[in-house]
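Chemist: Pasting my_file.cif below, which is mmCIF, C-alpha atoms and all ligand atoms.
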data_model
loop_
_atom_site.label_atom_id
_atom_site.label_comp_id
_atom_site.auth_asym_id
_atom_site.auth_seq_id
_atom_site.Cartn_x
_atom_site.Cartn_y
_atom_site.Cartn_z
CA MET A 1 6.46 7.25 24.18
CA GLN A 2 9.35 6.12 22.04
CA VAL A 3 11.70 3.53 23.46
CA THR A 4 15.11 2.32 22.38
CA PRO A 5 15.58 -1.37 21.44
CA SER A 6 16.73 -1.95 25.00
CA GLY A 7 13.42 -0.66 26.26
CA ASN A 8 14.62 2.68 27.64
CA PRO A 9 12.69 5.84 26.82
CA VAL A 10 14.17 7.96 24.04
CA VAL A 11 15.31 11.27 25.54
CA VAL A 12 15.05 14.02 22.95
CA SER A 13 17.12 17.11 23.66
CA PRO A 14 16.14 20.38 21.96
CA ARG A 15 19.26 20.09 19.81
CA ASP A 16 18.27 16.64 18.55
CA ASN A 17 14.79 17.85 17.82
CA PRO A 18 15.14 21.18 15.99
CA ASP A 19 11.49 20.92 14.88
CA GLY A 20 10.32 21.16 18.49
CA ASP A 21 6.58 20.86 18.71
CA LYS A 22 5.97 22.14 15.21
CA GLN A 23 3.14 20.43 13.39
CA ASN A 24 3.91 18.62 10.16
CA ILE A 25 1.47 19.85 7.53
CA LEU A 26 2.33 17.13 5.03
CA GLY A 27 -0.69 14.87 4.83
CA LEU A 28 -3.28 17.42 5.96
CA ASP A 29 -6.36 17.58 3.78
CA ARG A 30 -7.79 20.89 2.58
CA THR A 31 -10.04 21.45 5.59
CA GLU A 32 -7.30 20.64 8.07
CA LEU A 33 -4.85 22.88 6.27
CA LYS A 34 -7.29 25.80 6.42
CA GLN A 35 -7.82 25.18 10.13
CA ALA A 36 -4.07 25.04 10.72
CA ILE A 37 -3.49 28.29 8.86
CA ALA A 38 -6.35 30.03 10.65
CA SER A 39 -4.93 28.88 13.99
CA ILE A 40 -1.70 30.87 13.64
CA GLY A 41 -3.32 34.25 13.33
CA VAL A 42 -3.45 34.65 9.55
CA PRO A 43 -6.27 37.20 9.00
CA GLU A 44 -9.56 35.44 8.36
CA LYS A 45 -10.11 36.95 4.95
CA GLN A 46 -6.74 35.64 3.80
CA VAL A 47 -7.11 32.07 5.08
CA LYS A 48 -8.72 30.64 1.95
CA MET A 49 -6.19 32.18 -0.41
CA ARG A 50 -3.18 31.33 1.75
CA SER A 51 -4.21 27.75 2.20
CA ALA A 52 -4.75 27.37 -1.55
CA GLN A 53 -1.24 28.73 -2.11
CA VAL A 54 0.34 26.47 0.49
CA TRP A 55 -1.60 23.49 -0.87
CA HIS A 56 -0.22 24.18 -4.36
CA TRP A 57 3.36 24.44 -3.12
CA VAL A 58 3.18 21.36 -0.94
CA TYR A 59 1.29 18.98 -3.20
CA HIS A 60 1.81 20.32 -6.71
CA ARG A 61 5.37 21.56 -6.44
CA GLY A 62 6.66 19.32 -3.66
CA VAL A 63 8.51 22.03 -1.71
CA THR A 64 9.72 21.30 1.79
CA SER A 65 10.47 24.85 2.91
CA PHE A 66 8.13 27.77 3.42
CA ASP A 67 10.86 30.05 2.01
CA ASP A 68 10.19 28.58 -1.42
CA MET A 69 6.55 29.68 -1.43
CA LEU A 70 7.24 32.74 -3.46
CA ASN A 71 3.72 34.09 -3.83
CA VAL A 72 3.09 33.95 -0.08
CA SER A 73 3.95 37.21 1.70
CA LYS A 74 7.12 37.22 3.74
CA ASP A 75 5.45 37.75 7.09
CA VAL A 76 3.00 34.87 6.51
CA ARG A 77 5.89 32.63 5.43
CA ALA A 78 7.73 33.47 8.64
CA ARG A 79 4.63 32.78 10.69
CA LEU A 80 4.14 29.43 8.92
CA ALA A 81 7.76 28.46 9.53
CA ASP A 82 7.40 29.34 13.23
CA HIS A 83 4.58 26.87 13.67
CA PHE A 84 4.83 24.21 10.99
CA ILE A 85 7.18 21.94 9.13
CA ILE A 86 6.79 20.07 5.82
CA LYS A 87 8.57 16.84 6.48
CA ARG A 88 8.82 13.46 4.74
CA PRO A 89 9.48 10.29 6.68
CA GLU A 90 13.00 8.98 6.30
CA ILE A 91 14.13 6.59 3.54
CA VAL A 92 16.19 4.05 5.44
CA GLU A 93 17.16 2.11 2.36
CA ALA A 94 16.59 2.51 -1.37
CA GLN A 95 17.29 -0.54 -3.51
CA TYR A 96 17.43 -0.49 -7.29
CA SER A 97 16.69 -3.66 -9.23
CA ASN A 98 18.46 -4.39 -12.48
CA ASP A 99 15.05 -4.18 -14.20
CA GLY A 100 14.60 -0.55 -13.06
CA THR A 101 12.29 -1.32 -10.12
CA ARG A 102 13.04 0.75 -7.03
CA LYS A 103 12.17 -0.32 -3.51
CA TYR A 104 12.15 2.12 -0.61
CA LEU A 105 12.18 1.10 3.01
CA ILE A 106 10.55 4.01 4.81
CA ARG A 107 10.81 4.72 8.53
CA PHE A 108 8.00 6.70 10.11
CA ALA A 109 8.30 9.00 13.08
CA ASP A 110 7.58 6.24 15.63
CA GLY A 111 10.26 3.97 14.18
CA ASN A 112 7.90 1.62 12.33
CA GLU A 113 8.81 0.80 8.78
CA ALA A 114 7.03 -0.08 5.53
CA GLU A 115 8.01 -0.61 1.93
CA THR A 116 7.04 1.22 -1.25
CA VAL A 117 7.93 0.00 -4.74
CA TYR A 118 8.27 1.92 -8.01
CA ILE A 119 7.85 -0.13 -11.18
CA PRO A 120 8.71 1.62 -14.47
CA GLU A 121 7.26 0.24 -17.70
CA GLU A 122 7.39 1.51 -21.25
CA ASP A 123 4.16 3.47 -21.15
CA ARG A 124 3.71 4.08 -17.44
CA GLY A 125 5.31 4.14 -14.00
CA THR A 126 3.44 2.46 -11.17
CA LEU A 127 3.94 3.09 -7.49
CA CYS A 128 2.93 0.28 -5.16
CA ILE A 129 1.96 1.82 -1.82
CA SER A 130 1.58 0.19 1.60
CA SER A 131 -1.46 0.83 3.78
CA GLN A 132 -0.40 -0.95 6.98
CA VAL A 133 2.75 -2.02 8.76
CA GLY A 134 2.24 -5.79 8.57
CA CYS A 135 -1.15 -7.35 7.95
CA THR A 136 -3.74 -9.13 10.07
CA LEU A 137 -4.76 -11.55 7.38
CA ASN A 138 -1.99 -14.14 7.15
CA CYS A 139 -2.51 -15.37 3.61
CA LYS A 140 -0.20 -18.37 3.52
CA PHE A 141 1.61 -17.48 0.30
CA CYS A 142 2.35 -13.86 1.27
CA HIS A 143 5.51 -12.67 2.99
CA THR A 144 3.72 -9.67 4.54
CA GLY A 145 1.23 -12.15 5.99
CA THR A 146 3.96 -13.64 8.16
CA MET A 147 4.29 -10.33 10.02
CA LYS A 148 1.89 -9.48 12.77
CA LEU A 149 -0.05 -6.27 12.20
CA VAL A 150 1.95 -3.52 13.79
CA ARG A 151 -0.41 -0.69 12.97
CA ASN A 152 -2.42 1.14 10.32
CA LEU A 153 -0.59 3.87 8.46
CA THR A 154 -1.99 7.37 8.79
CA ALA A 155 -3.22 9.26 5.73
CA ALA A 156 -0.10 11.43 5.96
CA GLU A 157 2.15 8.36 5.90
CA ILE A 158 0.32 6.96 2.89
CA VAL A 159 0.60 10.23 0.94
CA ALA A 160 4.23 10.60 2.02
CA GLN A 161 5.16 7.38 0.21
CA LEU A 162 4.21 9.06 -3.06
CA MET A 163 5.99 12.30 -2.14
CA ILE A 164 9.17 10.38 -1.37
CA ALA A 165 9.08 8.48 -4.65
CA ARG A 166 8.52 11.71 -6.57
CA ASP A 167 11.51 13.26 -4.76
CA ASP A 168 13.71 10.30 -5.66
CA LEU A 169 12.54 10.36 -9.29
CA SER A 170 13.06 14.17 -9.52
CA GLU A 171 9.49 14.51 -10.62
CA TRP A 172 8.57 17.85 -9.10
CA GLU A 173 10.36 20.04 -11.63
CA ASN A 174 7.71 19.29 -14.20
CA PRO A 175 4.80 18.09 -12.10
CA THR A 176 2.25 17.35 -14.84
CA GLU A 177 4.04 16.62 -18.13
CA GLY A 178 7.15 15.02 -16.67
CA ARG A 179 5.31 12.46 -14.61
CA ARG A 180 7.15 9.28 -13.82
CA VAL A 181 4.61 7.98 -11.33
CA THR A 182 1.58 7.79 -13.61
CA ASN A 183 -0.32 5.12 -11.67
CA ILE A 184 -0.79 4.05 -8.09
CA VAL A 185 -1.67 0.62 -6.81
CA MET A 186 -2.63 0.07 -3.18
CA MET A 187 -0.93 -3.31 -3.26
CA GLY A 188 1.95 -2.92 -0.85
CA MET A 189 1.93 -4.17 2.70
CA GLY A 190 -1.43 -4.52 4.38
CA GLU A 191 -5.11 -4.75 3.61
CA PRO A 192 -6.23 -1.27 2.51
CA LEU A 193 -9.90 -1.86 3.28
CA TYR A 194 -9.03 -2.55 6.92
CA ASN A 195 -7.64 0.98 7.02
CA PHE A 196 -10.49 2.48 5.04
CA ASP A 197 -10.68 6.02 6.43
CA ASN A 198 -6.97 6.76 6.17
CA VAL A 199 -6.71 5.24 2.70
CA LYS A 200 -9.71 7.25 1.55
CA LYS A 201 -8.33 10.48 2.95
CA ALA A 202 -4.90 9.84 1.41
CA LEU A 203 -6.32 9.06 -2.01
CA GLU A 204 -8.51 12.16 -1.92
CA ILE A 205 -5.38 14.24 -1.35
CA VAL A 206 -3.60 12.43 -4.19
CA MET A 207 -6.52 12.96 -6.60
CA ASP A 208 -7.06 16.64 -5.76
CA GLU A 209 -7.04 18.67 -8.95
CA GLU A 210 -4.89 21.44 -7.59
CA GLY A 211 -2.38 19.13 -6.00
CA ILE A 212 -0.90 15.88 -7.24
CA GLN A 213 -3.76 15.49 -9.73
CA LEU A 214 -3.72 11.76 -10.22
CA SER A 215 -6.93 10.59 -11.87
CA ARG A 216 -9.03 7.94 -10.11
CA ARG A 217 -8.79 5.90 -13.31
CA ARG A 218 -5.07 5.56 -12.64
CA ILE A 219 -5.47 4.29 -9.10
CA THR A 220 -6.21 0.67 -8.22
CA LEU A 221 -6.97 -0.63 -4.77
CA SER A 222 -6.39 -4.31 -4.13
CA THR A 223 -8.35 -6.15 -1.48
CA SER A 224 -8.31 -9.70 -0.25
CA GLY A 225 -12.11 -9.45 -0.25
CA VAL A 226 -13.27 -7.37 2.69
CA VAL A 227 -16.86 -7.53 1.50
CA PRO A 228 -18.50 -4.90 3.75
CA HIS A 229 -16.13 -2.19 2.53
CA MET A 230 -16.03 -3.01 -1.16
CA GLU A 231 -19.14 -1.07 -2.05
CA ARG A 232 -17.96 1.90 0.03
CA CYS A 233 -14.69 1.81 -1.85
CA GLY A 234 -16.49 2.23 -5.17
CA LYS A 235 -18.96 4.82 -3.91
CA GLU A 236 -16.73 6.92 -1.69
CA ILE A 237 -13.31 6.64 -3.32
CA GLY A 238 -14.25 5.61 -6.86
CA VAL A 239 -10.96 3.95 -7.77
CA ASN A 240 -10.43 0.74 -9.76
CA LEU A 241 -10.83 -2.45 -7.81
CA ALA A 242 -8.55 -5.47 -7.80
CA VAL A 243 -9.54 -8.54 -5.83
CA SER A 244 -7.16 -11.23 -4.65
CA LEU A 245 -9.02 -14.34 -5.72
CA HIS A 246 -6.29 -17.00 -5.89
CA ALA A 247 -8.69 -19.96 -5.83
CA VAL A 248 -12.00 -21.02 -7.38
CA ARG A 249 -13.16 -23.34 -4.61
CA ASP A 250 -13.95 -22.34 -1.04
CA ASP A 251 -11.93 -25.17 0.52
CA VAL A 252 -8.76 -24.17 -1.34
CA ARG A 253 -9.30 -20.46 -0.80
CA THR A 254 -9.97 -20.94 2.92
CA ASP A 255 -6.79 -22.95 3.20
CA ILE A 256 -4.57 -20.30 1.60
CA MET A 257 -6.53 -17.17 2.60
CA PRO A 258 -8.11 -17.46 6.05
CA ILE A 259 -10.34 -14.42 5.36
CA ASN A 260 -12.40 -16.74 3.13
CA LYS A 261 -13.93 -18.18 6.31
CA LYS A 262 -15.44 -14.79 6.96
CA TYR A 263 -16.27 -13.74 3.39
CA ASN A 264 -16.50 -16.70 1.05
CA LEU A 265 -16.25 -16.80 -2.73
CA GLU A 266 -19.95 -16.26 -3.26
CA GLN A 267 -19.98 -13.19 -1.05
CA VAL A 268 -16.84 -11.76 -2.64
CA LEU A 269 -18.07 -12.33 -6.19
CA THR A 270 -21.49 -10.86 -5.41
CA ALA A 271 -19.78 -7.77 -3.99
CA CYS A 272 -17.75 -7.58 -7.23
CA ALA A 273 -20.93 -7.80 -9.32
CA ASN A 274 -22.34 -4.90 -7.30
CA TYR A 275 -19.17 -2.80 -7.37
CA PRO A 276 -20.19 0.75 -8.24
CA GLY A 277 -18.78 1.86 -11.57
CA ALA A 278 -17.73 -1.60 -12.74
CA HIS A 279 -18.45 -2.03 -16.43
CA ASN A 280 -16.55 -3.25 -19.43
CA ALA A 281 -14.42 -0.16 -19.86
CA ARG A 282 -13.53 -0.31 -16.19
CA ARG A 283 -13.21 -3.93 -15.34
CA ILE A 284 -12.47 -5.49 -11.99
CA THR A 285 -9.09 -7.22 -11.90
CA PHE A 286 -8.85 -10.63 -10.28
CA GLU A 287 -5.39 -11.42 -9.01
CA TYR A 288 -4.46 -15.05 -9.14
CA ALA A 289 -1.08 -16.18 -7.81
CA MET A 290 0.00 -19.37 -9.58
CA LEU A 291 0.82 -21.90 -6.87
CA LYS A 292 2.12 -25.21 -8.11
CA GLY A 293 -0.28 -28.07 -7.43
CA VAL A 294 -2.58 -25.86 -5.35
CA ASN A 295 -4.74 -23.74 -7.67
CA ASP A 296 -3.21 -24.10 -11.13
CA SER A 297 -4.94 -27.04 -12.87
CA ASP A 298 -6.79 -26.86 -16.19
CA LYS A 299 -9.95 -27.60 -14.23
CA ASP A 300 -9.30 -24.57 -12.02
CA ALA A 301 -8.93 -22.41 -15.12
CA ARG A 302 -12.23 -23.64 -16.56
CA GLU A 303 -13.95 -23.12 -13.22
CA LEU A 304 -12.62 -19.57 -13.11
CA VAL A 305 -14.24 -18.81 -16.47
CA LYS A 306 -17.51 -20.35 -15.24
CA LEU A 307 -17.50 -18.25 -12.09
CA ILE A 308 -16.82 -15.00 -13.90
CA ARG A 309 -19.64 -15.79 -16.33
CA LYS A 310 -22.02 -16.90 -13.58
CA TYR A 311 -21.72 -13.58 -11.81
CA LYS A 312 -21.66 -11.65 -15.15
CA LEU A 313 -18.53 -9.86 -14.05
CA PRO A 314 -16.79 -7.28 -16.20
CA ALA A 315 -13.44 -8.73 -15.23
CA LYS A 316 -9.93 -9.49 -16.28
CA VAL A 317 -7.56 -11.88 -14.57
CA ASN A 318 -3.97 -11.06 -13.69
CA LEU A 319 -1.98 -14.25 -13.37
CA ILE A 320 0.89 -13.63 -10.97
CA PRO A 321 3.68 -16.21 -11.03
CA PHE A 322 4.18 -16.96 -7.34
CA ASN A 323 7.09 -14.95 -5.96
CA PRO A 324 9.10 -17.00 -3.51
CA TRP A 325 10.40 -15.76 -0.17
CA PRO A 326 12.57 -17.36 2.51
CA GLY A 327 10.69 -20.03 4.42
CA THR A 328 7.69 -20.40 2.11
CA ASP A 329 6.13 -23.83 1.52
CA TYR A 330 4.87 -22.90 -1.95
CA GLU A 331 6.42 -23.16 -5.36
CA CYS A 332 5.64 -21.24 -8.50
CA SER A 333 3.68 -23.23 -11.11
CA ASP A 334 5.64 -24.46 -14.12
CA TRP A 335 5.81 -21.92 -16.90
CA ASP A 336 3.97 -24.23 -19.36
CA GLN A 337 1.13 -24.62 -16.90
CA ILE A 338 0.83 -20.87 -16.35
CA GLN A 339 0.66 -20.46 -20.11
CA ARG A 340 -2.01 -23.18 -20.46
CA PHE A 341 -4.03 -21.65 -17.62
CA SER A 342 -3.87 -18.28 -19.34
CA ASP A 343 -4.90 -19.78 -22.71
CA ILE A 344 -7.92 -21.54 -21.21
CA VAL A 345 -9.13 -18.34 -19.58
CA TYR A 346 -8.53 -16.37 -22.81
CA GLU A 347 -10.47 -19.00 -24.77
CA GLY A 348 -13.31 -18.44 -22.33
CA GLY A 349 -13.39 -14.83 -23.55
CA ILE A 350 -11.63 -13.30 -20.55
CA SER A 351 -8.34 -11.48 -20.71
CA ALA A 352 -5.73 -13.25 -18.55
CA PRO A 353 -2.28 -11.74 -19.00
CA ILE A 354 0.64 -13.21 -17.10
CA ARG A 355 2.23 -10.52 -14.99
CA THR A 356 5.97 -10.40 -15.48
CA PRO A 357 7.58 -10.51 -12.06
CA ARG A 358 9.38 -7.24 -11.36
CA GLY A 359 12.07 -6.53 -8.82
CA ARG A 360 12.40 -10.13 -7.61
CA ASP A 361 16.16 -9.63 -7.15
CA ILE A 362 15.51 -7.01 -4.46
CA MET A 363 12.49 -8.83 -2.96
CA ALA A 364 10.20 -6.10 -4.31
CA ALA A 365 7.76 -8.30 -6.24
CA CYS A 366 4.14 -8.95 -5.21
CA GLY A 367 3.94 -10.64 -1.86
CA GLN A 368 7.63 -10.30 -1.05
CA LEU A 369 7.39 -7.12 1.02
CA LYS A 370 8.13 -7.31 4.67
CA SER A 371 9.69 -4.63 6.82
CA ALA A 372 12.24 -4.64 9.58
CA SER A 373 9.46 -3.79 12.01
CA GLU A 374 9.05 -7.52 12.34
CA LYS A 375 12.74 -7.96 13.04
CA LYS A 376 12.16 -5.77 16.02
CA SER A 377 9.33 -7.90 17.22
CA LYS A 378 11.49 -10.98 16.73
CA ALA A 379 14.15 -9.32 18.86
CA GLU A 380 11.47 -8.65 21.43
CA LEU A 381 10.42 -12.28 21.22
CA ALA A 382 14.02 -13.37 21.67
CA ARG A 383 14.31 -11.14 24.75
CA GLU A 384 11.07 -12.52 26.13
CA ALA A 385 12.29 -16.04 25.47
CA GLU A 386 15.57 -15.29 27.22
CA ALA A 387 13.72 -13.86 30.18
CA ALA A 388 11.49 -16.94 30.27
CA VAL A 389 14.49 -19.26 30.15
CA ALA A 390 16.07 -17.32 33.00
CA ALA A 391 12.83 -17.55 34.96
CA ALA A 392 12.62 -21.28 34.24
CA ALA A 393 16.15 -21.78 35.48
CA THR A 394 15.15 -20.37 38.85
CA SER A 395 12.02 -22.47 39.09
CA GLU A 396 12.30 -26.24 39.02
CA THR A 397 8.62 -26.67 38.22
CA VAL A 398 8.72 -24.85 34.86
CA HIS A 399 9.17 -27.11 31.82
CA HIS A 400 11.21 -25.98 28.83
CA SER A 401 8.18 -26.12 26.58
CA SER A 402 6.52 -23.38 28.58
CA THR A 403 9.00 -20.84 27.20
CA GLY A 404 7.20 -21.05 23.91
CA LEU A 405 10.42 -21.93 22.12
CA THR A 406 10.14 -24.52 19.40
N1 LIG B 501 -3.62 -6.96 0.87
C1 LIG B 501 -4.07 -6.68 -0.42
C2 LIG B 501 -3.05 -5.98 -1.28
C3 LIG B 501 -1.60 -6.36 -1.17
S1 LIG B 501 -0.93 -7.77 -1.92
C4 LIG B 501 -4.52 -7.94 -1.11
O1 LIG B 501 -4.27 -9.01 -0.59
O2 LIG B 501 -5.14 -7.85 -2.15
C5 LIG B 501 -0.84 -7.55 -3.68
C6 LIG B 501 -1.12 -8.86 -4.45
O3 LIG B 501 -0.03 -9.78 -4.39
C7 LIG B 501 -2.31 -9.61 -3.89
O4 LIG B 501 -3.11 -10.11 -4.92
C8 LIG B 501 -1.65 -10.74 -3.15
O5 LIG B 501 -2.52 -11.79 -2.93
C9 LIG B 501 -0.52 -11.08 -4.08
N2 LIG B 501 0.55 -11.87 -3.45
C10 LIG B 501 0.84 -11.98 -2.14
N3 LIG B 501 1.91 -12.79 -1.97
C11 LIG B 501 2.30 -13.18 -3.19
C12 LIG B 501 3.40 -13.98 -3.68
N4 LIG B 501 4.27 -14.49 -2.85
N5 LIG B 501 3.51 -14.15 -5.00
C13 LIG B 501 2.63 -13.58 -5.86
N6 LIG B 501 1.61 -12.79 -5.46
C14 LIG B 501 1.43 -12.59 -4.15
FE1 LIG B 502 -2.33 -9.26 3.79
FE2 LIG B 502 -2.74 -9.06 1.12
FE3 LIG B 502 -0.62 -10.41 2.08
FE4 LIG B 502 -3.08 -11.41 2.38
S1 LIG B 502 -2.00 -11.07 0.43
S2 LIG B 502 -1.48 -11.32 3.98
S3 LIG B 502 -4.28 -9.56 2.71
S4 LIG B 502 -1.01 -8.22 2.31
#
Show me this structure written as structure tokens.

Modeler:
Amino acid sequence: MQVTPSGNPVVVSPRDNPDGDKQNILGLDRTELKQAIASIGVPEKQVKMRSAQVWHWVYHRGVTSFDDMLNVSKDVRARLADHFIIKRPEIVEAQYSNDGTRKYLIRFADGNEAETVYIPEEDRGTLCISSQVGCTLNCKFCHTGTMKLVRNLTAAEIVAQLMIARDDLSEWENPTEGRRVTNIVMMGMGEPLYNFDNVKKALEIVMDEEGIQLSRRRITLSTSGVVPHMERCGKEIGVNLAVSLHAVRDDVRTDIMPINKKYNLEQVLTACANYPGAHNARRITFEYAMLKGVNDSDKDARELVKLIRKYKLPAKVNLIPFNPWPGTDYECSDWDQIQRFSDIVYEGGISAPIRTPRGRDIMAACGQLKSASEKKSKAELAREAEAAVAAAATSETVHHSSTGLT
């Protein structure tokens, strides 16, 4: 049940909800779409053809109305429109950086929100997609990590982020040649491997050759090192892997990334060495945020080379200058030091480009994403605190500290 911020149930009148109980077909995979079409009385021998047509219109052409599906007979179109809708979640806010980066704050049907970022470059356009609202992992340097996990996104919500970006970039008119989103990175909010099934389903829809047709070589999934799912990711999804390394010693990594207690460096690097499909032409990317005085010494750089050699990893390192956010304790390493770090790794025979921060002015850079869903929970916390204070006022035995306020 939906509730308003004041906690009352949302009452939806038929006028407010013109879609009634119609099912949204955006985000259905091929099997589900066939089942949906069969369920509305389309003759059995037509189901395969009709679902292929609808699939093409929805995922290749990006239409949002059944009326536009010109090769579908009129009576089937009417039947589809009686039962289904093709609906994107709402863009609550679109921000445009002066470097061309676009950030979308997207609100899903239940009111939760997540961010998606489009990063244009000379030879490509990359869409950074979220897999969860919030994140359970609390990496200390990451803004998303300060949110509690609200929930996993569904496959439909993951695919919808791409549909929305393509709408905003007017990409549907020329779906293959006029591509502006040429690459996808699962590097938005959340840990994609903790939402494995939905991420897999979404990426299968995105890669489908009669739909959006994005090649697996153009998709990269970034994980903080969820070892048990890394192999599955390679075998079952087959996309490029990026791993958030950020430290070369277990004590440092555990301090900044609590998941290291569960899956330490050795386990993560072994899983990388065993990643299906990893070879020199398709290297694993190690992400390394440059945190001043934490992980950025010359010794760290040399240790990084040693580790990559020890595990014989076909790898490259992406050095990410730390992107600051309000309230963080970390600082970005000095530019000279980032450069030295990069040189040392290069001299060790490993490519280590420094990633230019994009969209920092609109808080769209790596690790800066955080949605208003947390503001809601803060409001909830404030209400709880108020209620606790009120309760304390009526009970002489309750100390102020028991309200949880600091
Ligand atoms: N949860 C996944 C993917 C999302 S984060 C993961 O952790 O891999 C995308 C990348 O940005 C990760 O490598 C993450 O560690 C890094 N990152 C997080 N906060 C950052 C910050 N403030 N500055 C620079 N990089 C950051
Ligand atoms: Fe979650 Fe990735 Fe941020 Fe860590 S870096 S808190 S895993 S989103």

Chemist: Ligand LIG 501 (chain B): which residues are within 6 Å, counting all atoms listed in the file? Reply as a list of chain:residue names.

Modeler: A:Phe141, A:Cys142, A:Met187, A:Gly188, A:Met189, A:Gly190, A:Glu191, A:Ser222, A:Thr223, A:Ser224, A:Val243, A:Ser244, A:Glu287, A:Ala289, A:Ile320, A:Pro321, A:Phe322, A:Asn323, A:Pro324, A:Cys366, A:Gly367, A:Gln368

Chemist: Hey, what's within 12 Å of range 36-44 of chain A if we count only C-alpha atoms and toss same-chain stuff fewer than 6 positions away? As a PyMOL selection string, please?

Modeler: chain A and resi 22-26+28-30+50-55+72-73+75-85

Chemist: Rounded to one decimal, what separation in Å do you get between CA of Cys332 in chain A and CA of Thr136 in chain A?

Modeler: 24.1 Å

Chemist: Nearest to ligand LIG 502 (chain B): which of A:Ile119, A:Met186, A:Leu70, A:Ile212 is it, counting only C-alpha atoms and all ligand atoms?

Modeler: A:Met186

Chemist: Which residues come within 12 Å of Leu241 in chain A, counting all atoms listed in the file, excluding same-chain residues fewer than 5 positions away, as a PyMOL selection string?

Modeler: chain A and resi 184-187+192-193+216-226+229-235+271-279+282-287+314-316

Chemist: For Ala94 in chain A, list every protein, DNA or RNA residue within 12 Å, evaluated using all atoms listed in the file, and leave out those in the same chain fewer than 6 positions away; present the list as a list in words.

Modeler: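 What passes the distance filter is Thr101, Arg102, Lys103, Tyr104, Leu105, Ile106, Arg107, Glu115, Thr116, Val117, Tyr118, Ile164, Ala165, Asp168, Leu169, Ile362 and Ala364 of chain A.
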
Chemist: To one decimal place in Å, what is the distance between CA of Thr356 in chain A and CA of Arg179 in chain A?

Modeler: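 Going from CA of Thr356 in chain A over to CA of Arg179 in chain A, I get 22.9 Å.
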
Chemist: Tell me which residues come within 12 Å of (6.9, 5.8, 12.6), as a list in words, counting all atoms listed in the file in the file's coordinates.

Modeler: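 Result, sorted by chain then residue number: Met1, Gln2, Arg88, Pro89, Glu90, Ile91, Val92, Leu105, Ile106, Arg107, Phe108, Ala109, Asp110, Gly111, Asn112, Glu113, Ala114, Gln132, Val133, Val150, Arg151, Asn152, Leu153, Thr154, Ala156, Glu157, Ile158, Ala160 and Ser373 of chain A.
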
Chemist: I need the residue nearest ligand LIG 502 (chain B) from this list: A:Gln337, A:Thr254, A:Thr146, A:Asn195. Use all atoms listed in the file for the distance.

Modeler: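 For ligand LIG 502 (chain B), the nearest of the candidates is A:Thr146.
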
Chemist: Measuring atom to atom with only C-alpha atoms and all ligand atoms, identify which of A:Ala365, A:Val305, A:Met147, A:Val199 is nearest to ligand LIG 502 (chain B).

Modeler: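 Ranked by minimum distance to ligand LIG 502 (chain B), first place goes to A:Met147.
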
Chemist: Which of these residues is nearest to ligand LIG 502 (chain B), using only C-alpha atoms and all ligand atoms: A:Val294, A:Leu137, A:Ile256, A:Val239?

Modeler: A:Leu137

Chemist: Please compute the CA of Gly327 in chain A-CA of Val252 in chain A distance, one decimal, in Å.

Modeler: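 So the two atoms, CA of Gly327 in chain A and CA of Val252 in chain A, lie 20.7 Å apart.
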
Chemist: Please provide the set of residues having any atom within 8 Å of Arg124 in chain A, restricted to all atoms listed in the file, with same-chain residues fewer than 3 positions apart removed, written as a PyMOL selection string.

Modeler: chain A and resi 120-121+180-183

Chemist: Taking into account all atoms listed in the file, which residue in the set A:Ser297, A:Thr64, A:Gln339, A:Asn98 is nearest to Asp167 in chain A?

Modeler: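 For Asp167 in chain A, the nearest of the candidates is A:Thr64.
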
Chemist: My list of candidates is A:His143, A:His246, A:Lys306, A:Arg253. Which is closest to ligand LIG 502 (chain B) when distances are computed with all atoms listed in the file?

Modeler: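 The shortest atom-to-atom distance to ligand LIG 502 (chain B) comes from A:His143.
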